[in-house]
$ cat input_38.pdb   # PDB, C-alpha atoms and all ligand atoms
ATOM      1  CA  MET T 464      11.843 -15.787  -4.247
ATOM      2  CA  LYS T 465      13.456 -13.239  -1.912
ATOM      3  CA  LEU T 466      11.386 -10.138  -1.235
ATOM      4  CA  SER T 467      12.567  -6.607  -0.462
ATOM      5  CA  ALA T 468      11.927  -5.400   3.105
ATOM      6  CA  ARG T 469       9.007  -3.333   1.779
ATOM      7  CA  LEU T 470       7.322  -6.254   0.012
ATOM      8  CA  GLU T 471       8.047  -8.541   2.983
ATOM      9  CA  ALA T 472       6.162  -6.064   5.200
ATOM     10  CA  VAL T 473       3.266  -6.172   2.729
ATOM     11  CA  ALA T 474       3.400  -9.998   2.747
ATOM     12  CA  ASN T 475       3.298 -10.002   6.560
ATOM     13  CA  MET T 476      -0.079  -8.251   6.437
ATOM     14  CA  ILE T 477      -1.696 -11.078   4.469
ATOM     15  CA  SER T 478      -3.898 -13.449   6.448
ATOM     16  CA  THR T 479      -6.237 -15.028   3.879
ATOM     17  CA  SER T 480      -5.530 -17.656   1.278
ATOM     18  CA  VAL T 481      -6.818 -16.085  -1.935
ATOM     19  CA  ILE T 482      -5.378 -12.723  -2.884
ATOM     20  CA  ALA T 483      -5.274 -10.377  -5.845
ATOM     21  CA  ASP T 484      -2.118  -8.326  -6.287
ATOM     22  CA  VAL T 485      -3.140  -5.318  -8.358
ATOM     23  CA  GLY T 486      -0.180  -3.843 -10.240
ATOM     24  CA  SER T 487       1.795  -7.029  -9.789
ATOM     25  CA  ASP T 488       4.604  -6.043 -12.226
ATOM     26  CA  HIS T 489       7.217  -8.830 -11.849
ATOM     27  CA  GLY T 490       4.797 -10.934  -9.743
ATOM     28  CA  LYS T 491       7.387 -11.307  -6.963
ATOM     29  CA  LEU T 492       4.903 -10.844  -4.121
ATOM     30  CA  VAL T 493       2.367 -13.443  -5.278
ATOM     31  CA  ILE T 494       5.039 -15.964  -6.290
ATOM     32  CA  SER T 495       6.808 -15.635  -2.940
ATOM     33  CA  LEU T 496       3.538 -15.910  -0.972
ATOM     34  CA  PHE T 497       2.591 -19.080  -2.845
ATOM     35  CA  GLU T 498       6.056 -20.644  -2.626
ATOM     36  CA  SER T 499       6.148 -20.056   1.132
ATOM     37  CA  GLY T 500       2.678 -21.595   1.580
ATOM     38  CA  ARG T 501       1.105 -18.389   2.828
ATOM     39  CA  ILE T 502      -1.600 -18.365   0.114
ATOM     40  CA  SER T 503      -3.289 -21.133  -1.862
ATOM     41  CA  LYS T 504      -4.087 -18.924  -4.833
ATOM     42  CA  GLY T 505      -3.030 -15.529  -6.107
ATOM     43  CA  TYR T 506      -4.237 -13.423  -9.001
ATOM     44  CA  ALA T 507      -1.481 -11.211 -10.403
ATOM     45  CA  ILE T 508      -3.141  -8.282 -12.152
ATOM     46  CA  GLU T 509      -1.456  -5.966 -14.646
ATOM     47  CA  ASN T 510      -2.884  -3.416 -17.050
ATOM     48  CA  LYS T 511       0.244  -2.812 -19.131
ATOM     49  CA  LYS T 512       1.592  -5.160 -21.796
ATOM     50  CA  GLY T 513       5.287  -4.914 -20.815
ATOM     51  CA  PRO T 514       4.868  -5.780 -17.117
ATOM     52  CA  TYR T 515       2.144  -8.317 -17.973
ATOM     53  CA  ASN T 516       4.449 -10.212 -20.361
ATOM     54  CA  ARG T 517       7.230 -10.123 -17.747
ATOM     55  CA  LEU T 518       4.791 -11.423 -15.160
ATOM     56  CA  VAL T 519       3.742 -14.361 -17.358
ATOM     57  CA  LYS T 520       7.427 -15.241 -17.898
ATOM     58  CA  GLU T 521       8.218 -15.041 -14.154
ATOM     59  CA  ILE T 522       5.295 -17.339 -13.292
ATOM     60  CA  ALA T 523       6.424 -19.833 -15.951
ATOM     61  CA  LYS T 524       9.996 -19.664 -14.580
ATOM     62  CA  SER T 525       8.749 -20.354 -11.047
ATOM     63  CA  LYS T 526       7.084 -23.582 -12.273
ATOM     64  CA  ILE T 527       3.969 -22.737 -10.255
ATOM     65  CA  SER T 528       0.772 -23.850 -11.987
ATOM     66  CA  VAL T 529      -1.287 -21.048 -13.549
ATOM     67  CA  ASP T 530      -4.190 -22.486 -11.533
ATOM     68  CA  ASN T 531      -2.399 -21.263  -8.406
ATOM     69  CA  VAL T 532      -0.770 -18.020  -9.532
ATOM     70  CA  ILE T 533      -2.988 -16.619 -12.236
ATOM     71  CA  PRO T 534      -1.850 -13.746 -14.437
ATOM     72  CA  MET T 535      -4.657 -11.369 -15.427
ATOM     73  CA  PHE T 536      -4.407  -8.610 -17.987
ATOM     74  CA  SER T 537      -7.001  -6.163 -16.694
ATOM     75  CA  ASP T 538      -7.476  -2.736 -15.203
ATOM     76  CA  GLY T 539      -7.388  -2.493 -11.407
ATOM     77  CA  ILE T 540     -10.192  -4.453  -9.746
ATOM     78  CA  SER T 541     -12.565  -4.191 -12.738
ATOM     79  CA  GLN T 542     -12.468  -7.995 -13.306
ATOM     80  CA  LEU T 543     -11.792  -9.035  -9.708
ATOM     81  CA  PRO T 544     -12.718 -12.728  -9.244
ATOM     82  CA  THR T 545     -15.296 -13.370  -6.513
ATOM     83  CA  ASP T 546     -13.066 -15.798  -4.557
ATOM     84  CA  VAL T 547     -10.573 -13.029  -3.722
ATOM     85  CA  THR T 548     -10.617 -12.177  -0.016
ATOM     86  CA  THR T 549      -7.570  -9.878   0.119
ATOM     87  CA  VAL T 550      -6.728  -7.153  -2.379
ATOM     88  CA  VAL T 551      -3.142  -5.873  -2.348
ATOM     89  CA  ILE T 552      -2.149  -2.615  -4.022
ATOM     90  CA  ALA T 553       1.534  -1.812  -3.541
ATOM     91  CA  GLY T 554       4.078   0.540  -5.007
ATOM     92  CA  MET T 555       1.692   3.111  -6.459
ATOM     93  CA  GLY T 556       0.713   6.700  -5.788
ATOM     94  CA  GLY T 557      -2.106   7.212  -3.303
ATOM     95  CA  GLN T 558      -4.497   8.763  -5.806
ATOM     96  CA  THR T 559      -4.059   5.789  -8.176
ATOM     97  CA  VAL T 560      -4.844   3.423  -5.288
ATOM     98  CA  ILE T 561      -7.992   5.407  -4.467
ATOM     99  CA  ASP T 562      -9.097   5.532  -8.133
ATOM    100  CA  ILE T 563      -8.589   1.778  -8.554
ATOM    101  CA  LEU T 564     -10.750   0.999  -5.512
ATOM    102  CA  LYS T 565     -13.437   3.633  -5.991
ATOM    103  CA  SER T 566     -14.015   3.096  -9.696
ATOM    104  CA  HIS T 567     -15.223  -0.488  -9.099
ATOM    105  CA  LYS T 568     -16.302  -0.482  -5.459
ATOM    106  CA  GLU T 569     -19.033  -3.072  -6.174
ATOM    107  CA  LYS T 570     -16.183  -5.585  -6.697
ATOM    108  CA  LEU T 571     -15.246  -5.226  -3.030
ATOM    109  CA  ALA T 572     -18.413  -7.014  -1.842
ATOM    110  CA  HIS T 573     -16.544 -10.279  -1.109
ATOM    111  CA  VAL T 574     -13.268  -8.666  -0.088
ATOM    112  CA  LYS T 575     -12.360  -8.878   3.607
ATOM    113  CA  TYR T 576      -9.008  -7.090   3.592
ATOM    114  CA  ILE T 577      -7.214  -4.455   1.539
ATOM    115  CA  VAL T 578      -3.466  -4.080   2.004
ATOM    116  CA  VAL T 579      -2.005  -0.838   0.686
ATOM    117  CA  ASP T 580       1.534   0.448   0.251
ATOM    118  CA  ALA T 581       0.936   3.900  -1.241
ATOM    119  CA  HIS T 582       3.961   6.033  -1.978
ATOM    120  CA  ASN T 583       2.257   9.369  -1.393
ATOM    121  CA  ALA T 584      -1.102  10.834  -0.297
ATOM    122  CA  VAL T 585      -1.278   8.271   2.523
ATOM    123  CA  PRO T 586      -3.702  10.354   4.683
ATOM    124  CA  GLU T 587      -6.128  10.531   1.728
ATOM    125  CA  VAL T 588      -5.827   6.759   1.243
ATOM    126  CA  ARG T 589      -6.735   6.187   4.911
ATOM    127  CA  LYS T 590      -9.763   8.463   4.617
ATOM    128  CA  GLU T 591     -11.092   7.139   1.304
ATOM    129  CA  VAL T 592     -10.643   3.427   2.042
ATOM    130  CA  CYS T 593     -12.396   3.862   5.407
ATOM    131  CA  GLU T 594     -15.273   5.517   3.529
ATOM    132  CA  LEU T 595     -15.573   2.352   1.414
ATOM    133  CA  GLY T 596     -16.614   0.415   4.544
ATOM    134  CA  PHE T 597     -13.244  -0.711   5.898
ATOM    135  CA  TYR T 598     -11.328   0.077   9.090
ATOM    136  CA  ILE T 599      -7.608   0.261   9.776
ATOM    137  CA  GLN T 600      -6.614  -3.031  11.392
ATOM    138  CA  ASN T 601      -2.837  -2.840  11.215
ATOM    139  CA  GLU T 602      -0.063  -0.497  10.125
ATOM    140  CA  ALA T 603       3.693  -0.770   9.716
ATOM    141  CA  ILE T 604       6.593   1.428   8.679
ATOM    142  CA  VAL T 605       9.524   0.101   6.688
ATOM    143  CA  HIS T 606      12.724   2.013   5.974
ATOM    144  CA  GLU T 607      14.440   0.911   2.814
ATOM    145  CA  ASP T 608      16.790   2.712   0.412
ATOM    146  CA  GLU T 609      16.403   6.003   2.312
ATOM    147  CA  ILE T 610      12.607   5.924   2.003
ATOM    148  CA  TYR T 611       9.995   5.340   4.699
ATOM    149  CA  TYR T 612       7.044   3.276   3.492
ATOM    150  CA  GLU T 613       3.725   3.033   5.343
ATOM    151  CA  ILE T 614       1.928  -0.274   4.896
ATOM    152  CA  ILE T 615      -1.736  -0.300   5.920
ATOM    153  CA  LYS T 616      -4.061  -3.254   6.362
ATOM    154  CA  PHE T 617      -7.773  -2.412   6.139
ATOM    155  CA  ALA T 618     -10.429  -4.907   7.239
ATOM    156  CA  LYS T 619     -14.103  -4.833   6.364
ATOM    157  CA  GLY T 620     -16.145  -3.131   9.061
ATOM    158  CA  GLU T 621     -16.858   0.206  10.580
ATOM    159  CA  GLN T 622     -13.977   2.480  11.484
ATOM    160  CA  LYS T 623     -14.239   4.100  14.901
ATOM    161  CA  TYR T 624     -13.874   7.885  14.909
ATOM    162  CA  LEU T 625     -10.522   9.096  13.580
ATOM    163  CA  ASP T 626      -9.289  12.671  13.877
ATOM    164  CA  ASP T 627      -7.039  14.569  11.463
ATOM    165  CA  LYS T 628      -3.870  13.399  13.255
ATOM    166  CA  ASP T 629      -4.986   9.765  12.909
ATOM    167  CA  PHE T 630      -5.412  10.202   9.166
ATOM    168  CA  GLU T 631      -2.126  12.055   8.812
ATOM    169  CA  PHE T 632       0.089   9.829  10.951
ATOM    170  CA  GLY T 633      -1.895   6.588  11.201
ATOM    171  CA  PRO T 634      -4.063   5.697  14.228
ATOM    172  CA  ILE T 635      -1.999   2.600  15.038
ATOM    173  CA  LEU T 636       1.401   4.035  14.129
ATOM    174  CA  ARG T 637       0.954   7.129  16.235
ATOM    175  CA  THR T 638      -0.221   5.160  19.255
ATOM    176  CA  SER T 639       2.469   2.500  19.015
ATOM    177  CA  LYS T 640       5.238   5.119  18.659
ATOM    178  CA  SER T 641       7.624   2.470  17.360
ATOM    179  CA  VAL T 642      11.283   3.223  16.705
ATOM    180  CA  GLU T 643      10.499   3.340  12.958
ATOM    181  CA  PHE T 644       7.669   5.823  13.549
ATOM    182  CA  LYS T 645       9.891   8.112  15.633
ATOM    183  CA  ASP T 646      12.721   7.845  13.077
ATOM    184  CA  LYS T 647      10.332   8.748  10.274
ATOM    185  CA  CYS T 648       9.074  11.793  12.197
ATOM    186  CA  LEU T 649      12.605  12.992  12.995
ATOM    187  CA  TYR T 650      13.662  12.433   9.393
ATOM    188  CA  ARG T 651      10.762  14.581   8.172
ATOM    189  CA  ILE T 652      11.573  17.341  10.672
ATOM    190  CA  ALA T 653      15.188  17.375   9.428
ATOM    191  CA  GLN T 654      13.910  17.531   5.827
ATOM    192  CA  ILE T 655      11.651  20.472   6.689
ATOM    193  CA  ASP T 656      14.505  22.307   8.447
ATOM    194  CA  LYS T 657      16.641  21.889   5.355
ATOM    195  CA  ILE T 658      13.913  23.328   3.134
ATOM    196  CA  LEU T 659      13.405  26.223   5.542
ATOM    197  CA  GLU T 660      17.096  27.149   5.220
ATOM    198  CA  LYS T 661      16.470  28.089   1.589
ATOM    199  CA  LYS T 662      16.176  31.776   0.884
ATOM    200  CA  GLU T 663      13.180  33.367  -0.758
ATOM    201  CA  LEU T 664      10.630  30.736   0.194
ATOM    202  CA  PRO T 665       7.084  32.128  -0.111
ATOM    203  CA  GLU T 666       5.515  33.028   3.264
ATOM    204  CA  GLU T 667       2.670  30.592   2.685
ATOM    205  CA  ARG T 668       5.107  27.693   2.192
ATOM    206  CA  ILE T 669       7.090  28.635   5.306
ATOM    207  CA  SER T 670       3.930  28.725   7.360
ATOM    208  CA  LYS T 671       2.739  25.345   5.997
ATOM    209  CA  LEU T 672       6.109  23.723   6.757
ATOM    210  CA  ASN T 673       6.200  25.174  10.269
ATOM    211  CA  SER T 674       2.716  23.937  11.013
ATOM    212  CA  GLU T 675       3.604  20.444   9.697
ATOM    213  CA  LYS T 676       6.654  20.464  11.985
ATOM    214  CA  GLU T 677       4.478  21.424  14.937
ATOM    215  CA  ARG T 678       1.984  18.622  14.171
ATOM    216  CA  ILE T 679       4.846  16.111  13.996
ATOM    217  CA  ARG T 680       6.237  17.304  17.359
ATOM    218  CA  GLN T 681       2.820  16.771  18.930
ATOM    219  CA  VAL T 682       2.722  13.076  17.960
ATOM    220  CA  LEU T 683       6.353  12.273  18.734
TER
HETATM  221  C1  LIG J 701       5.738   0.560  -9.421
HETATM  222  S1  LIG J 701       4.980  -0.925  -9.890
HETATM  223  C2  LIG J 701       4.802  -1.735  -8.328
HETATM  224  C3  LIG J 701       4.979  -3.216  -8.455
HETATM  225  C4  LIG J 701       4.740  -4.011  -7.201
HETATM  226  N1  LIG J 701       3.352  -3.982  -6.801
HETATM  227  C5  LIG J 701       5.629  -3.525  -6.085
HETATM  228  O1  LIG J 701       5.096  -2.982  -5.104
HETATM  229  O2  LIG J 701       6.844  -3.674  -6.172
HETATM  230  C6  LIG J 701       3.307  -0.472 -10.273
HETATM  231  C7  LIG J 701       2.666  -1.454 -11.239
HETATM  232  O3  LIG J 701       1.260  -1.211 -11.241
HETATM  233  C8  LIG J 701       0.766  -1.353 -12.551
HETATM  234  N2  LIG J 701      -0.508  -0.636 -12.603
HETATM  235  C9  LIG J 701      -0.721   0.703 -12.502
HETATM  236  N3  LIG J 701      -2.038   0.989 -12.582
HETATM  237  C10 LIG J 701      -2.675  -0.209 -12.717
HETATM  238  C11 LIG J 701      -4.042  -0.578 -12.866
HETATM  239  N4  LIG J 701      -5.015   0.330 -12.884
HETATM  240  N5  LIG J 701      -4.349  -1.890 -12.998
HETATM  241  C12 LIG J 701      -3.370  -2.838 -12.985
HETATM  242  N6  LIG J 701      -2.053  -2.540 -12.864
HETATM  243  C13 LIG J 701      -1.710  -1.240 -12.735
HETATM  244  C14 LIG J 701       1.894  -0.782 -13.414
HETATM  245  O4  LIG J 701       1.822  -1.289 -14.730
HETATM  246  C15 LIG J 701       3.148  -1.270 -12.672
HETATM  247  O5  LIG J 701       3.608  -2.499 -13.155
END
$ encode --input "input_38.pdb" --output "structure tokens" --more "lines below"
Ligand SMILES: C[S@@+](CC[C@H](N)C(=O)[O-])C[C@H]1O[C@@H](n2cnc3c(N)ncnc32)[C@H](O)[C@@H]1O
Amino acid sequence: MKLSARLEAVANMISTSVIADVGSDHGKLVISLFESGRISKGYAIENKKGPYNRLVKEIAKSKISVDNVIPMFSDGISQLPTDVTTVVIAGMGGQTVIDILKSHKEKLAHVKYIVVDAHNAVPEVRKEVCELGFYIQNEAIVHEDEIYYEIIKFAKGEQKYLDDKDFEFGPILRTSKSVEFKDKCLYRIAQIDKILEKKELPEERISKLNSEKERIRQVL
């Protein structure tokens, strides 16, 4: 199964053999990881009937045994099996990611890695997942369909001190200053400039946008 660039970047962060993909939808990620031999077992978790039924069909179509790619109809990590060593949460809003992890944090006892692709509130995700006893081990940026996605791999252990800029831009991303990171920063500056061209913006908004622009310039 061919993955999008975003899901391929998520897949590239996976280094253990038993994963749970929370919010699996079509199940593409788990099916592809199993077919390519990168995992020995994957739980595909869905909490909505429509996606869950689609997931079951996709697994059946792939001819993979349900002992290897296991569909689960459950909420977040509430029923997380104890053999799971990597939890993946991709394609969701940051607050949903945080709620899923924090509402059943006891289920993370056996989990070594959490891979997140949150589509907003990424600084909050960094902060909250670190507070759950994980540190940021790897980060990547993917540009697909005019959107920049930040993929973060957390590993169990203590996070060294991070400042506000680390949380906002990513401690690894902002140090590596990759082409994708620079492009993302320049893209955001251009977006801000466009917004600032609008007439009758409230002073408070103008000041917030200008200070965001300044923070971006400092990490470029
Ligand atoms: C936008 S899709 C992302 C699918 C896939 N992970 C990806 O990145 O392409 C989000 C999926 O998460 C599921 N979802 C949202 N909250 C969930 C929860 N608490 N537990 C399980 N699944 C959830 C939704 O039903 C939906 O299928």
$ residues_around --input "input_38.pdb" --residues "Leu649 (chain T)" --least-positions-apart "5" --cutoff "10 Å" --atoms "only C-alpha atoms" --output "CSV table (one decimal) with C-alpha atoms, keeping the file's coordinate frame"
chain,number,residue,atom,x,y,z
T,643,GLU,CA,10.5,3.3,13.0
T,644,PHE,CA,7.7,5.8,13.5
T,654,GLN,CA,13.9,17.5,5.8
T,655,ILE,CA,11.7,20.5,6.7
T,676,LYS,CA,6.7,20.5,12.0
T,679,ILE,CA,4.8,16.1,14.0
T,680,ARG,CA,6.2,17.3,17.4
T,683,LEU,CA,6.4,12.3,18.7
$ closest_residue --input "input_38.pdb" --among "T:Lys671, T:Lys662, T:Arg469, T:Lys657" --to "ligand LIG 701 (chain J)" --atoms "all atoms listed in the file"
T:Arg469
$ closest_residue --input "input_38.pdb" --among "T:Tyr598, T:Tyr612, T:Phe536, T:Tyr506" --to "Pro634 (chain T)" --atoms "all atoms listed in the file"
T:Tyr598
$ residues_near_point --input "input_38.pdb" --point "(-4.1, -11.2, -7.2)" --cutoff "6 Å" --atoms "only C-alpha atoms" --output "PyMOL selection string"
chain T and resi 482-484+505-508
$ write_last_selection --input "input_38.pdb" --atoms "C-alpha atoms" --output "PDB file, keeping the file's coordinate frame"
ATOM      1  CA  ILE T 482      -5.378 -12.723  -2.884  1.00  0.00           C
ATOM      2  CA  ALA T 483      -5.274 -10.377  -5.845  1.00  0.00           C
ATOM      3  CA  ASP T 484      -2.118  -8.326  -6.287  1.00  0.00           C
ATOM      4  CA  GLY T 505      -3.030 -15.529  -6.107  1.00  0.00           C
ATOM      5  CA  TYR T 506      -4.237 -13.423  -9.001  1.00  0.00           C
ATOM      6  CA  ALA T 507      -1.481 -11.211 -10.403  1.00  0.00           C
ATOM      7  CA  ILE T 508      -3.141  -8.282 -12.152  1.00  0.00           C
TER       8      ILE T 508
END
$ residues_around --input "input_38.pdb" --residues "region 550-566 of chain T" --least-positions-apart "3" --cutoff "7 Å" --atoms "all atoms listed in the file" --output "PyMOL selection string"
chain T and resi 482-486+539-540+576-585+588+591
$ closest_residue --input "input_38.pdb" --among "T:Glu471, T:Glu609, T:Asp656, T:Glu569" --to "Pro544 (chain T)" --atoms "only C-alpha atoms"
T:Glu569
$ decode --input "input_38.pdb" --residues "region 566-593 of chain T" --atoms "N, CA and C atoms" --output "PDB file, in the first residue's frame"
ATOM      1  N   SER T 566      -6.056  11.333  29.108  1.00  0.00           N
ATOM      2  CA  SER T 566      -7.221  10.753  29.784  1.00  0.00           C
ATOM      3  C   SER T 566      -6.981   9.299  30.204  1.00  0.00           C
ATOM      4  N   HIS T 567      -5.938   8.663  29.662  1.00  0.00           N
ATOM      5  CA  HIS T 567      -5.627   7.286  30.090  1.00  0.00           C
ATOM      6  C   HIS T 567      -4.117   7.136  30.201  1.00  0.00           C
ATOM      7  N   LYS T 568      -3.478   8.049  30.947  1.00  0.00           N
ATOM      8  CA  LYS T 568      -2.009   8.032  30.972  1.00  0.00           C
ATOM      9  C   LYS T 568      -1.438   6.763  31.589  1.00  0.00           C
ATOM     10  N   GLU T 569      -2.237   6.075  32.440  1.00  0.00           N
ATOM     11  CA  GLU T 569      -1.764   4.822  33.051  1.00  0.00           C
ATOM     12  C   GLU T 569      -1.479   3.767  31.975  1.00  0.00           C
ATOM     13  N   LYS T 570      -2.128   3.901  30.809  1.00  0.00           N
ATOM     14  CA  LYS T 570      -1.943   2.931  29.717  1.00  0.00           C
ATOM     15  C   LYS T 570      -0.586   3.109  29.034  1.00  0.00           C
ATOM     16  N   LEU T 571       0.113   4.188  29.376  1.00  0.00           N
ATOM     17  CA  LEU T 571       1.399   4.447  28.724  1.00  0.00           C
ATOM     18  C   LEU T 571       2.568   3.777  29.457  1.00  0.00           C
ATOM     19  N   ALA T 572       2.254   3.012  30.511  1.00  0.00           N
ATOM     20  CA  ALA T 572       3.322   2.406  31.326  1.00  0.00           C
ATOM     21  C   ALA T 572       4.291   1.562  30.489  1.00  0.00           C
ATOM     22  N   HIS T 573       3.776   0.811  29.511  1.00  0.00           N
ATOM     23  CA  HIS T 573       4.645  -0.067  28.712  1.00  0.00           C
ATOM     24  C   HIS T 573       5.100   0.576  27.404  1.00  0.00           C
ATOM     25  N   VAL T 574       4.614   1.776  27.160  1.00  0.00           N
ATOM     26  CA  VAL T 574       4.879   2.423  25.862  1.00  0.00           C
ATOM     27  C   VAL T 574       6.246   3.096  25.878  1.00  0.00           C
ATOM     28  N   LYS T 575       7.045   2.814  24.823  1.00  0.00           N
ATOM     29  CA  LYS T 575       8.393   3.403  24.762  1.00  0.00           C
ATOM     30  C   LYS T 575       8.423   4.654  23.894  1.00  0.00           C
ATOM     31  N   TYR T 576       7.574   4.666  22.867  1.00  0.00           N
ATOM     32  CA  TYR T 576       7.580   5.797  21.927  1.00  0.00           C
ATOM     33  C   TYR T 576       6.152   6.259  21.605  1.00  0.00           C
ATOM     34  N   ILE T 577       6.028   7.551  21.383  1.00  0.00           N
ATOM     35  CA  ILE T 577       4.758   8.110  20.895  1.00  0.00           C
ATOM     36  C   ILE T 577       5.103   8.943  19.662  1.00  0.00           C
ATOM     37  N   VAL T 578       4.470   8.634  18.550  1.00  0.00           N
ATOM     38  CA  VAL T 578       4.717   9.390  17.323  1.00  0.00           C
ATOM     39  C   VAL T 578       3.462  10.202  17.014  1.00  0.00           C
ATOM     40  N   VAL T 579       3.644  11.507  16.880  1.00  0.00           N
ATOM     41  CA  VAL T 579       2.486  12.397  16.724  1.00  0.00           C
ATOM     42  C   VAL T 579       2.616  13.237  15.451  1.00  0.00           C
ATOM     43  N   ASP T 580       1.508  13.299  14.721  1.00  0.00           N
ATOM     44  CA  ASP T 580       1.374  14.248  13.609  1.00  0.00           C
ATOM     45  C   ASP T 580       0.109  15.045  13.918  1.00  0.00           C
ATOM     46  N   ALA T 581       0.292  16.139  14.663  1.00  0.00           N
ATOM     47  CA  ALA T 581      -0.860  16.966  15.067  1.00  0.00           C
ATOM     48  C   ALA T 581      -0.997  18.119  14.079  1.00  0.00           C
ATOM     49  N   HIS T 582      -2.232  18.424  13.715  1.00  0.00           N
ATOM     50  CA  HIS T 582      -2.420  19.421  12.662  1.00  0.00           C
ATOM     51  C   HIS T 582      -2.596  20.845  13.175  1.00  0.00           C
ATOM     52  N   ASN T 583      -2.570  21.009  14.472  1.00  0.00           N
ATOM     53  CA  ASN T 583      -2.508  22.347  15.072  1.00  0.00           C
ATOM     54  C   ASN T 583      -2.043  22.186  16.519  1.00  0.00           C
ATOM     55  N   ALA T 584      -1.883  23.308  17.221  1.00  0.00           N
ATOM     56  CA  ALA T 584      -1.464  23.297  18.627  1.00  0.00           C
ATOM     57  C   ALA T 584      -0.228  22.418  18.879  1.00  0.00           C
ATOM     58  N   VAL T 585       0.712  22.455  17.948  1.00  0.00           N
ATOM     59  CA  VAL T 585       1.908  21.602  18.068  1.00  0.00           C
ATOM     60  C   VAL T 585       2.762  21.984  19.298  1.00  0.00           C
ATOM     61  N   PRO T 586       2.946  23.284  19.599  1.00  0.00           N
ATOM     62  CA  PRO T 586       3.724  23.617  20.811  1.00  0.00           C
ATOM     63  C   PRO T 586       3.110  23.009  22.074  1.00  0.00           C
ATOM     64  N   GLU T 587       1.778  23.049  22.173  1.00  0.00           N
ATOM     65  CA  GLU T 587       1.092  22.476  23.344  1.00  0.00           C
ATOM     66  C   GLU T 587       1.306  20.957  23.396  1.00  0.00           C
ATOM     67  N   VAL T 588       1.297  20.316  22.231  1.00  0.00           N
ATOM     68  CA  VAL T 588       1.533  18.866  22.190  1.00  0.00           C
ATOM     69  C   VAL T 588       2.928  18.565  22.742  1.00  0.00           C
ATOM     70  N   ARG T 589       3.927  19.333  22.276  1.00  0.00           N
ATOM     71  CA  ARG T 589       5.302  19.112  22.770  1.00  0.00           C
ATOM     72  C   ARG T 589       5.330  19.201  24.295  1.00  0.00           C
ATOM     73  N   LYS T 590       4.735  20.269  24.820  1.00  0.00           N
ATOM     74  CA  LYS T 590       4.772  20.524  26.256  1.00  0.00           C
ATOM     75  C   LYS T 590       4.075  19.401  27.029  1.00  0.00           C
ATOM     76  N   GLU T 591       2.875  19.066  26.622  1.00  0.00           N
ATOM     77  CA  GLU T 591       2.053  18.112  27.389  1.00  0.00           C
ATOM     78  C   GLU T 591       2.616  16.693  27.314  1.00  0.00           C
ATOM     79  N   VAL T 592       3.117  16.288  26.153  1.00  0.00           N
ATOM     80  CA  VAL T 592       3.640  14.916  26.049  1.00  0.00           C
ATOM     81  C   VAL T 592       4.939  14.809  26.859  1.00  0.00           C
ATOM     82  N   CYS T 593       5.743  15.861  26.866  1.00  0.00           N
ATOM     83  CA  CYS T 593       6.957  15.847  27.700  1.00  0.00           C
ATOM     84  C   CYS T 593       6.571  15.719  29.171  1.00  0.00           C
TER      85      CYS T 593
END
